[in-house]
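Data from start.pdb: PDB, C-alpha atoms
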```pdb
MODEL        1
ATOM      1  CA  MET A   1     116.362  39.873-103.754  1.00  0.00           C
ATOM      2  CA  THR A   2     116.896  36.909-106.035  1.00  0.00           C
ATOM      3  CA  ARG A   3     119.018  34.065-104.670  1.00  0.00           C
ATOM      4  CA  GLU A   4     119.266  30.495-105.935  1.00  0.00           C
ATOM      5  CA  ILE A   5     117.644  28.564-103.093  1.00  0.00           C
ATOM      6  CA  ALA A   6     116.873  24.858-103.350  1.00  0.00           C
ATOM      7  CA  VAL A   7     113.526  24.087-101.711  1.00  0.00           C
ATOM      8  CA  ASP A   8     111.595  20.847-101.235  1.00  0.00           C
ATOM      9  CA  GLU A   9     108.386  19.932-103.053  1.00  0.00           C
ATOM     10  CA  ASP A  10     106.375  22.023-100.583  1.00  0.00           C
ATOM     11  CA  GLY A  11     108.491  25.086-101.270  1.00  0.00           C
ATOM     12  CA  LEU A  12     110.186  24.900 -97.867  1.00  0.00           C
ATOM     13  CA  ILE A  13     113.812  24.807 -96.735  1.00  0.00           C
ATOM     14  CA  ARG A  14     115.557  24.067 -93.449  1.00  0.00           C
ATOM     15  CA  LEU A  15     116.119  27.332 -91.624  1.00  0.00           C
ATOM     16  CA  GLN A  16     119.834  26.843 -90.941  1.00  0.00           C
ATOM     17  CA  LYS A  17     120.431  25.966 -94.593  1.00  0.00           C
ATOM     18  CA  LEU A  18     118.602  29.118 -95.717  1.00  0.00           C
ATOM     19  CA  LEU A  19     120.666  31.250 -93.343  1.00  0.00           C
ATOM     20  CA  ALA A  20     123.918  29.725 -94.565  1.00  0.00           C
ATOM     21  CA  THR A  21     122.944  29.965 -98.244  1.00  0.00           C
ATOM     22  CA  SER A  22     122.020  33.620 -97.694  1.00  0.00           C
ATOM     23  CA  GLY A  23     125.510  34.347 -96.416  1.00  0.00           C
ATOM     24  CA  VAL A  24     124.691  34.862 -92.731  1.00  0.00           C
ATOM     25  CA  ALA A  25     127.444  32.468 -91.614  1.00  0.00           C
ATOM     26  CA  SER A  26     128.573  28.872 -91.999  1.00  0.00           C
ATOM     27  CA  ARG A  27     125.955  26.149 -91.493  1.00  0.00           C
ATOM     28  CA  ARG A  28     127.485  25.248 -88.121  1.00  0.00           C
ATOM     29  CA  LYS A  29     127.516  28.876 -86.971  1.00  0.00           C
ATOM     30  CA  CYS A  30     123.905  29.325 -88.101  1.00  0.00           C
ATOM     31  CA  GLU A  31     122.908  26.326 -86.006  1.00  0.00           C
ATOM     32  CA  GLU A  32     124.699  27.881 -83.029  1.00  0.00           C
ATOM     33  CA  LEU A  33     122.831  31.147 -83.583  1.00  0.00           C
ATOM     34  CA  MET A  34     119.537  29.269 -83.560  1.00  0.00           C
ATOM     35  CA  LEU A  35     120.389  27.384 -80.385  1.00  0.00           C
ATOM     36  CA  GLU A  36     121.423  30.657 -78.733  1.00  0.00           C
ATOM     37  CA  GLY A  37     117.990  32.167 -79.470  1.00  0.00           C
ATOM     38  CA  GLU A  38     119.334  34.688 -81.990  1.00  0.00           C
ATOM     39  CA  VAL A  39     116.979  33.698 -84.837  1.00  0.00           C
ATOM     40  CA  GLU A  40     113.337  34.763 -85.128  1.00  0.00           C
ATOM     41  CA  VAL A  41     110.768  33.672 -87.677  1.00  0.00           C
ATOM     42  CA  ASP A  42     107.549  35.678 -87.916  1.00  0.00           C
ATOM     43  CA  GLY A  43     108.181  37.175 -84.492  1.00  0.00           C
ATOM     44  CA  GLU A  44     108.910  33.885 -82.699  1.00  0.00           C
ATOM     45  CA  VAL A  45     112.336  32.668 -81.561  1.00  0.00           C
ATOM     46  CA  VAL A  46     113.178  29.399 -83.316  1.00  0.00           C
ATOM     47  CA  THR A  47     115.701  27.102 -81.619  1.00  0.00           C
ATOM     48  CA  ARG A  48     114.687  23.742 -83.077  1.00  0.00           C
ATOM     49  CA  LEU A  49     117.214  22.650 -85.685  1.00  0.00           C
ATOM     50  CA  GLY A  50     115.593  21.350 -88.830  1.00  0.00           C
ATOM     51  CA  THR A  51     112.679  23.796 -88.685  1.00  0.00           C
ATOM     52  CA  LYS A  52     111.497  24.462 -92.224  1.00  0.00           C
ATOM     53  CA  VAL A  53     110.376  27.841 -93.560  1.00  0.00           C
ATOM     54  CA  ASP A  54     109.084  29.347 -96.782  1.00  0.00           C
ATOM     55  CA  PRO A  55     111.997  31.520 -97.978  1.00  0.00           C
ATOM     56  CA  ARG A  56     109.640  33.795 -99.926  1.00  0.00           C
ATOM     57  CA  THR A  57     107.240  34.708 -97.127  1.00  0.00           C
ATOM     58  CA  ALA A  58     108.955  34.123 -93.756  1.00  0.00           C
ATOM     59  CA  VAL A  59     109.968  37.247 -91.843  1.00  0.00           C
ATOM     60  CA  ILE A  60     113.379  36.210 -90.515  1.00  0.00           C
ATOM     61  CA  LYS A  61     115.626  38.151 -88.162  1.00  0.00           C
ATOM     62  CA  VAL A  62     119.106  37.180 -87.044  1.00  0.00           C
ATOM     63  CA  SER A  63     120.384  38.980 -83.952  1.00  0.00           C
ATOM     64  CA  GLY A  64     117.705  41.588 -84.579  1.00  0.00           C
ATOM     65  CA  LYS A  65     118.640  42.167 -88.224  1.00  0.00           C
ATOM     66  CA  ARG A  66     116.117  41.395 -90.945  1.00  0.00           C
ATOM     67  CA  LEU A  67     117.002  38.877 -93.636  1.00  0.00           C
ATOM     68  CA  PRO A  68     115.177  39.854 -96.838  1.00  0.00           C
ATOM     69  CA  PRO A  69     112.912  37.197 -98.373  1.00  0.00           C
ATOM     70  CA  VAL A  70     113.900  35.365-101.515  1.00  0.00           C
ATOM     71  CA  SER A  71     112.120  37.049-104.413  1.00  0.00           C
ATOM     72  CA  ASP A  72     112.411  38.064-108.049  1.00  0.00           C
ATOM     73  CA  HIS A  73     112.312  41.728-107.105  1.00  0.00           C
ATOM     74  CA  VAL A  74     115.293  44.001-107.581  1.00  0.00           C
ATOM     75  CA  TYR A  75     116.222  47.004-105.468  1.00  0.00           C
ATOM     76  CA  LEU A  76     118.756  49.458-106.848  1.00  0.00           C
ATOM     77  CA  VAL A  77     120.401  52.717-105.846  1.00  0.00           C
ATOM     78  CA  LEU A  78     121.191  55.264-108.558  1.00  0.00           C
ATOM     79  CA  ASN A  79     123.217  58.425-108.136  1.00  0.00           C
ATOM     80  CA  LYS A  80     121.108  60.547-110.475  1.00  0.00           C
ATOM     81  CA  PRO A  81     123.111  63.264-112.183  1.00  0.00           C
ATOM     82  CA  ARG A  82     121.852  66.804-112.433  1.00  0.00           C
ATOM     83  CA  GLY A  83     119.915  67.425-115.661  1.00  0.00           C
ATOM     84  CA  VAL A  84     118.403  63.934-115.814  1.00  0.00           C
ATOM     85  CA  VAL A  85     114.604  63.605-115.759  1.00  0.00           C
ATOM     86  CA  SER A  86     113.188  61.256-113.081  1.00  0.00           C
ATOM     87  CA  THR A  87     111.182  59.245-115.594  1.00  0.00           C
ATOM     88  CA  MET A  88     111.821  56.210-117.769  1.00  0.00           C
ATOM     89  CA  SER A  89     111.118  58.084-121.015  1.00  0.00           C
ATOM     90  CA  ASP A  90     110.791  61.700-122.079  1.00  0.00           C
ATOM     91  CA  PRO A  91     108.917  63.056-125.117  1.00  0.00           C
ATOM     92  CA  GLU A  92     111.347  65.991-125.259  1.00  0.00           C
ATOM     93  CA  GLY A  93     114.313  63.679-125.717  1.00  0.00           C
ATOM     94  CA  ARG A  94     116.063  64.589-122.471  1.00  0.00           C
ATOM     95  CA  LYS A  95     118.203  62.073-120.575  1.00  0.00           C
ATOM     96  CA  THR A  96     116.113  59.784-118.366  1.00  0.00           C
ATOM     97  CA  LEU A  97     116.728  57.057-115.797  1.00  0.00           C
ATOM     98  CA  THR A  98     116.622  54.459-118.568  1.00  0.00           C
ATOM     99  CA  ASP A  99     119.922  55.813-119.890  1.00  0.00           C
ATOM    100  CA  PHE A 100     121.668  54.458-116.778  1.00  0.00           C
ATOM    101  CA  LEU A 101     120.106  50.989-116.583  1.00  0.00           C
ATOM    102  CA  GLY A 102     122.350  49.288-119.130  1.00  0.00           C
ATOM    103  CA  ASN A 103     120.996  45.898-120.216  1.00  0.00           C
ATOM    104  CA  ARG A 104     118.644  45.363-117.284  1.00  0.00           C
ATOM    105  CA  ARG A 105     115.399  43.841-118.535  1.00  0.00           C
ATOM    106  CA  GLU A 106     113.208  44.335-115.476  1.00  0.00           C
ATOM    107  CA  ARG A 107     110.384  46.844-115.697  1.00  0.00           C
ATOM    108  CA  LEU A 108     111.723  49.260-113.105  1.00  0.00           C
ATOM    109  CA  PHE A 109     110.228  52.374-111.621  1.00  0.00           C
ATOM    110  CA  HIS A 110     111.607  54.998-109.285  1.00  0.00           C
ATOM    111  CA  VAL A 111     110.692  55.451-105.630  1.00  0.00           C
ATOM    112  CA  GLY A 112     109.588  59.053-105.299  1.00  0.00           C
ATOM    113  CA  ARG A 113     111.456  61.411-107.584  1.00  0.00           C
ATOM    114  CA  LEU A 114     114.138  64.058-107.783  1.00  0.00           C
ATOM    115  CA  ASP A 115     113.783  67.312-109.685  1.00  0.00           C
ATOM    116  CA  THR A 116     115.631  67.445-112.993  1.00  0.00           C
ATOM    117  CA  ASP A 117     118.136  69.946-111.571  1.00  0.00           C
ATOM    118  CA  THR A 118     118.658  67.930-108.352  1.00  0.00           C
ATOM    119  CA  SER A 119     121.224  65.150-108.160  1.00  0.00           C
ATOM    120  CA  GLY A 120     121.676  62.288-105.751  1.00  0.00           C
ATOM    121  CA  LEU A 121     120.183  59.129-104.343  1.00  0.00           C
ATOM    122  CA  LEU A 122     117.225  57.577-106.128  1.00  0.00           C
ATOM    123  CA  LEU A 123     115.836  54.098-105.476  1.00  0.00           C
ATOM    124  CA  LEU A 124     114.662  51.929-108.375  1.00  0.00           C
ATOM    125  CA  THR A 125     112.671  48.712-108.027  1.00  0.00           C
ATOM    126  CA  ASN A 126     110.092  46.423-109.625  1.00  0.00           C
ATOM    127  CA  ASP A 127     108.392  45.874-106.244  1.00  0.00           C
ATOM    128  CA  GLY A 128     105.251  48.001-106.414  1.00  0.00           C
ATOM    129  CA  GLU A 129     104.170  47.686-102.782  1.00  0.00           C
ATOM    130  CA  PHE A 130     107.656  48.530-101.547  1.00  0.00           C
ATOM    131  CA  ALA A 131     107.802  51.594-103.805  1.00  0.00           C
ATOM    132  CA  HIS A 132     104.366  52.744-102.635  1.00  0.00           C
ATOM    133  CA  ARG A 133     105.219  52.478 -98.952  1.00  0.00           C
ATOM    134  CA  MET A 134     108.645  54.064 -99.281  1.00  0.00           C
ATOM    135  CA  ALA A 135     107.140  57.101-100.994  1.00  0.00           C
ATOM    136  CA  HIS A 136     103.917  57.412 -98.983  1.00  0.00           C
ATOM    137  CA  PRO A 137     103.993  60.228 -96.408  1.00  0.00           C
ATOM    138  CA  SER A 138     102.285  58.085 -93.744  1.00  0.00           C
ATOM    139  CA  PHE A 139     105.467  56.013 -93.361  1.00  0.00           C
ATOM    140  CA  GLU A 140     107.531  59.178 -92.819  1.00  0.00           C
ATOM    141  CA  VAL A 141     110.716  57.836 -94.403  1.00  0.00           C
ATOM    142  CA  GLU A 142     113.373  60.487 -93.878  1.00  0.00           C
ATOM    143  CA  LYS A 143     115.319  61.978 -96.775  1.00  0.00           C
ATOM    144  CA  THR A 144     118.577  63.864 -96.286  1.00  0.00           C
ATOM    145  CA  TYR A 145     119.619  66.673 -98.618  1.00  0.00           C
ATOM    146  CA  VAL A 146     122.717  68.825 -98.889  1.00  0.00           C
ATOM    147  CA  ALA A 147     122.148  72.232-100.462  1.00  0.00           C
ATOM    148  CA  GLU A 148     124.427  75.052-101.511  1.00  0.00           C
ATOM    149  CA  VAL A 149     122.450  78.243-100.992  1.00  0.00           C
ATOM    150  CA  ALA A 150     122.992  81.935-101.593  1.00  0.00           C
ATOM    151  CA  GLY A 151     124.120  84.058 -98.657  1.00  0.00           C
ATOM    152  CA  ARG A 152     125.406  83.442 -95.144  1.00  0.00           C
ATOM    153  CA  LEU A 153     123.148  81.208 -93.056  1.00  0.00           C
ATOM    154  CA  ALA A 154     122.622  82.485 -89.522  1.00  0.00           C
ATOM    155  CA  LYS A 155     121.832  80.322 -86.492  1.00  0.00           C
ATOM    156  CA  GLY A 156     118.458  81.986 -86.329  1.00  0.00           C
ATOM    157  CA  THR A 157     117.617  80.710 -89.813  1.00  0.00           C
ATOM    158  CA  VAL A 158     118.317  77.114 -88.753  1.00  0.00           C
ATOM    159  CA  ALA A 159     116.101  77.644 -85.710  1.00  0.00           C
ATOM    160  CA  ASP A 160     113.354  78.993 -87.983  1.00  0.00           C
ATOM    161  CA  LEU A 161     113.607  75.910 -90.202  1.00  0.00           C
ATOM    162  CA  LEU A 162     113.373  73.559 -87.229  1.00  0.00           C
ATOM    163  CA  ALA A 163     110.409  75.476 -85.849  1.00  0.00           C
ATOM    164  CA  GLY A 164     108.524  74.833 -89.080  1.00  0.00           C
ATOM    165  CA  VAL A 165     107.957  76.845 -92.231  1.00  0.00           C
ATOM    166  CA  THR A 166     104.606  77.264 -93.944  1.00  0.00           C
ATOM    167  CA  LEU A 167     104.556  77.168 -97.742  1.00  0.00           C
ATOM    168  CA  GLU A 168     101.635  77.886-100.062  1.00  0.00           C
ATOM    169  CA  ASP A 169     100.622  74.217 -99.934  1.00  0.00           C
ATOM    170  CA  GLY A 170     100.974  73.831 -96.170  1.00  0.00           C
ATOM    171  CA  PRO A 171     103.528  73.608 -93.367  1.00  0.00           C
ATOM    172  CA  VAL A 172     106.803  71.709 -93.680  1.00  0.00           C
ATOM    173  CA  GLN A 173     108.380  69.832 -90.797  1.00  0.00           C
ATOM    174  CA  VAL A 174     112.177  69.804 -90.835  1.00  0.00           C
ATOM    175  CA  ARG A 175     113.451  66.930 -88.710  1.00  0.00           C
ATOM    176  CA  ARG A 176     117.066  68.081 -88.508  1.00  0.00           C
ATOM    177  CA  ALA A 177     119.187  70.864 -89.971  1.00  0.00           C
ATOM    178  CA  ARG A 178     122.827  71.814 -89.670  1.00  0.00           C
ATOM    179  CA  VAL A 179     125.123  74.266 -91.390  1.00  0.00           C
ATOM    180  CA  ILE A 180     128.111  72.457 -92.904  1.00  0.00           C
ATOM    181  CA  ASP A 181     129.922  75.547 -94.154  1.00  0.00           C
ATOM    182  CA  THR A 182     129.180  79.231 -94.508  1.00  0.00           C
ATOM    183  CA  ALA A 183     130.755  82.252 -96.136  1.00  0.00           C
ATOM    184  CA  ALA A 184     129.694  85.741 -97.134  1.00  0.00           C
ATOM    185  CA  GLU A 185     128.233  84.731-100.494  1.00  0.00           C
ATOM    186  CA  LYS A 186     127.150  81.127 -99.984  1.00  0.00           C
ATOM    187  CA  SER A 187     126.446  78.438 -97.393  1.00  0.00           C
ATOM    188  CA  ILE A 188     126.091  74.674 -97.362  1.00  0.00           C
ATOM    189  CA  ILE A 189     123.309  73.185 -95.271  1.00  0.00           C
ATOM    190  CA  GLU A 190     122.102  69.650 -94.585  1.00  0.00           C
ATOM    191  CA  LEU A 191     118.363  69.124 -94.117  1.00  0.00           C
ATOM    192  CA  VAL A 192     116.371  66.052 -93.110  1.00  0.00           C
ATOM    193  CA  ILE A 193     112.677  65.939 -94.018  1.00  0.00           C
ATOM    194  CA  HIS A 194     110.203  63.122 -94.625  1.00  0.00           C
ATOM    195  CA  GLU A 195     107.951  64.783 -97.180  1.00  0.00           C
ATOM    196  CA  GLY A 196     108.222  64.528-100.937  1.00  0.00           C
ATOM    197  CA  ARG A 197     106.198  67.441-102.224  1.00  0.00           C
ATOM    198  CA  ASN A 198     107.279  69.010-105.498  1.00  0.00           C
ATOM    199  CA  ARG A 199     110.534  70.986-105.160  1.00  0.00           C
ATOM    200  CA  ILE A 200     109.948  71.175-101.429  1.00  0.00           C
ATOM    201  CA  VAL A 201     113.566  71.728-100.347  1.00  0.00           C
ATOM    202  CA  ARG A 202     114.077  74.498-102.881  1.00  0.00           C
ATOM    203  CA  ARG A 203     110.839  76.223-101.921  1.00  0.00           C
ATOM    204  CA  LEU A 204     111.613  75.819 -98.226  1.00  0.00           C
ATOM    205  CA  LEU A 205     115.034  77.444 -98.437  1.00  0.00           C
ATOM    206  CA  ASP A 206     113.780  80.149-100.778  1.00  0.00           C
ATOM    207  CA  GLN A 207     111.093  80.971 -98.199  1.00  0.00           C
ATOM    208  CA  VAL A 208     113.745  81.685 -95.546  1.00  0.00           C
ATOM    209  CA  GLY A 209     115.731  83.898 -97.934  1.00  0.00           C
ATOM    210  CA  HIS A 210     118.412  81.512 -99.187  1.00  0.00           C
ATOM    211  CA  PRO A 211     117.735  80.362-102.772  1.00  0.00           C
ATOM    212  CA  VAL A 212     119.264  77.007-103.682  1.00  0.00           C
ATOM    213  CA  ARG A 213     122.176  76.980-106.127  1.00  0.00           C
ATOM    214  CA  GLN A 214     122.868  73.241-106.019  1.00  0.00           C
ATOM    215  CA  LEU A 215     120.978  70.398-104.350  1.00  0.00           C
ATOM    216  CA  SER A 216     121.686  66.710-103.802  1.00  0.00           C
ATOM    217  CA  ARG A 217     119.921  63.939-101.884  1.00  0.00           C
ATOM    218  CA  THR A 218     122.513  62.017 -99.870  1.00  0.00           C
ATOM    219  CA  LYS A 219     120.329  59.598 -97.884  1.00  0.00           C
ATOM    220  CA  PHE A 220     116.952  57.887 -98.271  1.00  0.00           C
ATOM    221  CA  GLY A 221     115.976  56.414 -94.917  1.00  0.00           C
ATOM    222  CA  PRO A 222     119.107  54.583 -93.694  1.00  0.00           C
ATOM    223  CA  ILE A 223     120.513  54.189 -97.232  1.00  0.00           C
ATOM    224  CA  GLU A 224     123.502  56.417 -97.950  1.00  0.00           C
ATOM    225  CA  LEU A 225     124.794  57.601-101.294  1.00  0.00           C
ATOM    226  CA  GLY A 226     128.346  57.278-100.019  1.00  0.00           C
ATOM    227  CA  THR A 227     131.000  57.227-102.741  1.00  0.00           C
ATOM    228  CA  LEU A 228     128.688  56.035-105.542  1.00  0.00           C
ATOM    229  CA  SER A 229     129.702  57.963-108.658  1.00  0.00           C
ATOM    230  CA  GLY A 230     127.219  60.072-110.585  1.00  0.00           C
ATOM    231  CA  GLY A 231     125.266  58.035-113.126  1.00  0.00           C
ATOM    232  CA  THR A 232     126.136  54.652-111.606  1.00  0.00           C
ATOM    233  CA  LEU A 233     123.958  51.943-110.060  1.00  0.00           C
ATOM    234  CA  ARG A 234     124.379  49.407-107.308  1.00  0.00           C
ATOM    235  CA  GLU A 235     122.114  46.842-105.679  1.00  0.00           C
ATOM    236  CA  LEU A 236     120.976  47.290-102.112  1.00  0.00           C
ATOM    237  CA  SER A 237     122.771  44.945 -99.744  1.00  0.00           C
ATOM    238  CA  ASP A 238     120.694  42.410 -97.823  1.00  0.00           C
ATOM    239  CA  ASP A 239     121.279  44.428 -94.667  1.00  0.00           C
ATOM    240  CA  GLU A 240     120.117  47.676 -96.309  1.00  0.00           C
ATOM    241  CA  LEU A 241     117.050  46.029 -97.832  1.00  0.00           C
ATOM    242  CA  GLY A 242     116.198  44.391 -94.514  1.00  0.00           C
ATOM    243  CA  GLN A 243     116.271  47.767 -92.794  1.00  0.00           C
ATOM    244  CA  LEU A 244     113.949  49.280 -95.383  1.00  0.00           C
ATOM    245  CA  LEU A 245     111.491  46.367 -95.270  1.00  0.00           C
ATOM    246  CA  ASP A 246     111.274  46.730 -91.492  1.00  0.00           C
ATOM    247  CA  LEU A 247     110.937  50.492 -91.803  1.00  0.00           C
ATOM    248  CA  VAL A 248     107.812  50.239 -93.957  1.00  0.00           C
ATOM    249  CA  GLY A 249     106.351  47.108 -92.372  1.00  0.00           C
ATOM    250  CA  LEU A 250     106.934  44.554 -95.137  1.00  0.00           C
TER
ENDMDL
END
```

Please render this file's structure as structure tokens.
Amino acid sequence: MTREIAVDEDGLIRLQKLLATSGVASRRKCEELMLEGEVEVDGEVVTRLGTKVDPRTAVIKVSGKRLPPVSDHVYLVLNKPRGVVSTMSDPEGRKTLTDFLGNRRERLFHVGRLDTDTSGLLLLTNDGEFAHRMAHPSFEVEKTYVAEVAGRLAKGTVADLLAGVTLEDGPVQVRRARVIDTAAEKSIIELVIHEGRNRIVRRLLDQVGHPVRQLSRTKFGPIELGTLSGGTLRELSDDELGQLLDLVGL
């Protein structure tokens, strides 16, 4: 996340100054946090005032929370509307992610993807390694979806989902599932999975006899869509980005 940080000729900055400039607290309070053993750099507690660090590479934690490094990378959340293609351009002339980026000049790409007829939370970044790790199944980053499906969902169906469902391209592990609302003709269910196979949530619910009518992703790891309006962007907060960097080991 880009911040204007004044460094010395070696590219270093005093730790308490970096913390204060990054908005952790006042300079005096940051010094107190250091003296109290609340600040770690690269896994080591740092209590010596005046310690210098490289703001671009140091892994800094304050009271256990990660402070993202200073970088030119951007990390955005988009509430992708239904009907928008999860690409930056489309030969068929359909709406793409580029239509929502305004005047941003960075070369951005999406983390994972959402089906054209699925709305919700999509991450955009110009940090290739971050995007790779967030999307790679080995890091098992959880995604939360809310689906409106046909028919009344029974408790037994939720149990079946949690027990595991096998699709044509292999089994699917559902981490959590809960029925939000149910009626005779439709139900609303929340699912948490970590996989990103093509149309996996739709295929999963179709397999248990409840075709999806509407689908939205509401969380990606710890990042929540919240009240972000459809088609709008926001930057990840330092706290959110810190959580994600820790989650994927960056």

What's the 9 Å shell around region 215-230 of chain A, counting only C-alpha atoms, without same-chain residues fewer than 4 positions away, as a PyMOL selection string? chain A and resi 77-82+114+117-123+134+141-149+192+194+201-202+234+236+240-241+243-244+247

Non-local contacts of Gly156 (chain A) (12 Å; only C-alpha atoms; under 4 positions in same chain excluded) as a PyMOL selection string: chain A and resi 152+160-163+177-179+208

Which residues, named as in the file, does the PyMOL selection byres ((chain A and resi 86) around 6) pick out? Answer as a PyMOL selection string. chain A and resi 85+87+113

Choose the residue, out of A:Glu106, A:Asp90, A:Asp115, A:Asp10, that has the smallest atom-to-atom separation from Pro55 (chain A); count only C-alpha atoms.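 So, comparing all the options, the nearest one is A:Asp10.
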
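For the choices A:Ile193, A:Ala159, A:Met34, A:Leu250, the atom-to-atom distance to Arg175 (chain A) is smallest for A:Ile193 when using all atoms listed in the file.
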
Shell of 6 Å around Gln16 (chain A), only C-alpha atoms, local chain residues under 3 positions omitted, as a PyMOL selection string: chain A and resi 19+30-31

Measuring atom to atom with all atoms listed in the file, identify which of A:Leu191, A:Val62, A:Leu12, A:Leu67 is nearest to Lys29 (chain A).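 Once distances to Lys29 (chain A) are computed over all atoms listed in the file, the minimum belongs to A:Val62.
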
Using only C-alpha atoms, pick whichever of A:Val111, A:Val53, A:Val84, A:Val7 has the shortest atom-to-atom distance to Thr98 (chain A). A:Val84

Please report the interatomic distance between CA of Ala150 (chain A) and CA of Asn198 (chain A) in Å with one decimal.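 So the two atoms, CA of Ala150 (chain A) and CA of Asn198 (chain A), lie 20.7 Å apart.
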
Would you mind reading off the distance between CA of Glu44 (chain A) and CA of Ser63 (chain A), one decimal, in Å?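 Result for CA of Glu44 (chain A) versus CA of Ser63 (chain A): 12.6 Å, one decimal.
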
Identify which of the residues A:Val248, A:Leu153, A:Gly231, A:Arg213 lies closest to His136 (chain A), counting only C-alpha atoms when measuring atom-to-atom distances.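 Looking at the shortest contact to His136 (chain A), the residue is A:Val248.
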
Convert the output of the PyMOL selection byres ((chain A and resi 203) around 12) on the shown file into explicit residues, formatted as a PDB file with C-alpha atoms, in the frame of the given file.
```pdb
ATOM      1  CA  VAL A 149     122.450  78.243-100.992  1.00  0.00           C
ATOM      2  CA  VAL A 165     107.957  76.845 -92.231  1.00  0.00           C
ATOM      3  CA  THR A 166     104.606  77.264 -93.944  1.00  0.00           C
ATOM      4  CA  LEU A 167     104.556  77.168 -97.742  1.00  0.00           C
ATOM      5  CA  GLU A 168     101.635  77.886-100.062  1.00  0.00           C
ATOM      6  CA  ASP A 169     100.622  74.217 -99.934  1.00  0.00           C
ATOM      7  CA  GLY A 170     100.974  73.831 -96.170  1.00  0.00           C
ATOM      8  CA  PRO A 171     103.528  73.608 -93.367  1.00  0.00           C
ATOM      9  CA  VAL A 172     106.803  71.709 -93.680  1.00  0.00           C
ATOM     10  CA  ARG A 197     106.198  67.441-102.224  1.00  0.00           C
ATOM     11  CA  ASN A 198     107.279  69.010-105.498  1.00  0.00           C
ATOM     12  CA  ARG A 199     110.534  70.986-105.160  1.00  0.00           C
ATOM     13  CA  ILE A 200     109.948  71.175-101.429  1.00  0.00           C
ATOM     14  CA  VAL A 201     113.566  71.728-100.347  1.00  0.00           C
ATOM     15  CA  ARG A 202     114.077  74.498-102.881  1.00  0.00           C
ATOM     16  CA  LEU A 204     111.613  75.819 -98.226  1.00  0.00           C
ATOM     17  CA  LEU A 205     115.034  77.444 -98.437  1.00  0.00           C
ATOM     18  CA  ASP A 206     113.780  80.149-100.778  1.00  0.00           C
ATOM     19  CA  GLN A 207     111.093  80.971 -98.199  1.00  0.00           C
ATOM     20  CA  VAL A 208     113.745  81.685 -95.546  1.00  0.00           C
ATOM     21  CA  GLY A 209     115.731  83.898 -97.934  1.00  0.00           C
ATOM     22  CA  HIS A 210     118.412  81.512 -99.187  1.00  0.00           C
ATOM     23  CA  PRO A 211     117.735  80.362-102.772  1.00  0.00           C
ATOM     24  CA  VAL A 212     119.264  77.007-103.682  1.00  0.00           C
ATOM     25  CA  LEU A 215     120.978  70.398-104.350  1.00  0.00           C
TER      26      LEU A 215
END
```

Two-atom distance - CA of Gly242 (chain A), CA of Arg66 (chain A) (Å): 4.7 Å

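With distances restricted to all atoms listed in the file, A:Ile60 is the closest residue to Val45 (chain A) from A:Ile189, A:Ala135, A:Ile60, A:Val174.
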
I need the output of the PyMOL selection byres ((chain A and resi 69) around 7) for this file as JSON, numbers by chain; which residues are they? {"A": [1, 55, 56, 57, 58, 67, 68, 70, 71]}

Could you give me, as a list in words, the residues that sit within 9 Å of (108.9, 46.0, -107.7) in the file's coordinates, counting only C-alpha atoms?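 Residues found, by chain and rising number: Asp72, His73, Val74, Tyr75, Arg107, Leu108, Phe109, Leu124, Thr125, Asn126, Asp127, Gly128, Glu129, Phe130 and Ala131 of chain A.
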
Box for region 127-136 of chain A: with edges along x, y and z, all listed atoms inside and 6 Å added on each side, what are the centre and edge lengths in Å to one decimal, as AutoDock Vina command-line options?
```
--center_x 106.3 --center_y 51.6 --center_z -102.7 --size_x 16.7 --size_y 23.5 --size_z 19.5
```

Just add N, CA and C atoms to region 213-222 of chain A and send it as a short mmCIF file (atom, residue, chain, number, x, y, z; two decimals), in the coordinates of the input.
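Resulting contents of out-v3.cif:
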```cif
data_model
loop_
_atom_site.label_atom_id
_atom_site.label_comp_id
_atom_site.auth_asym_id
_atom_site.auth_seq_id
_atom_site.Cartn_x
_atom_site.Cartn_y
_atom_site.Cartn_z
N ARG A 213 121.34 76.97 -104.93
CA ARG A 213 122.18 76.98 -106.13
C ARG A 213 122.43 75.56 -106.62
N GLN A 214 122.68 74.65 -105.68
CA GLN A 214 122.87 73.24 -106.02
C GLN A 214 122.23 72.41 -104.92
N LEU A 215 121.68 71.24 -105.32
CA LEU A 215 120.98 70.40 -104.35
C LEU A 215 121.22 68.94 -104.68
N SER A 216 121.48 68.15 -103.63
CA SER A 216 121.69 66.71 -103.80
C SER A 216 121.04 65.96 -102.64
N ARG A 217 120.43 64.81 -102.95
CA ARG A 217 119.92 63.94 -101.88
C ARG A 217 121.01 62.92 -101.55
N THR A 218 121.40 62.87 -100.29
CA THR A 218 122.51 62.02 -99.87
C THR A 218 122.07 60.77 -99.13
N LYS A 219 120.84 60.77 -98.59
CA LYS A 219 120.33 59.60 -97.88
C LYS A 219 118.85 59.44 -98.15
N PHE A 220 118.38 58.20 -98.17
CA PHE A 220 116.95 57.89 -98.27
C PHE A 220 116.70 56.86 -97.18
N GLY A 221 116.04 57.28 -96.08
CA GLY A 221 115.98 56.41 -94.92
C GLY A 221 117.40 56.15 -94.43
N PRO A 222 117.75 54.89 -94.15
CA PRO A 222 119.11 54.58 -93.69
C PRO A 222 120.10 54.38 -94.83
#
```
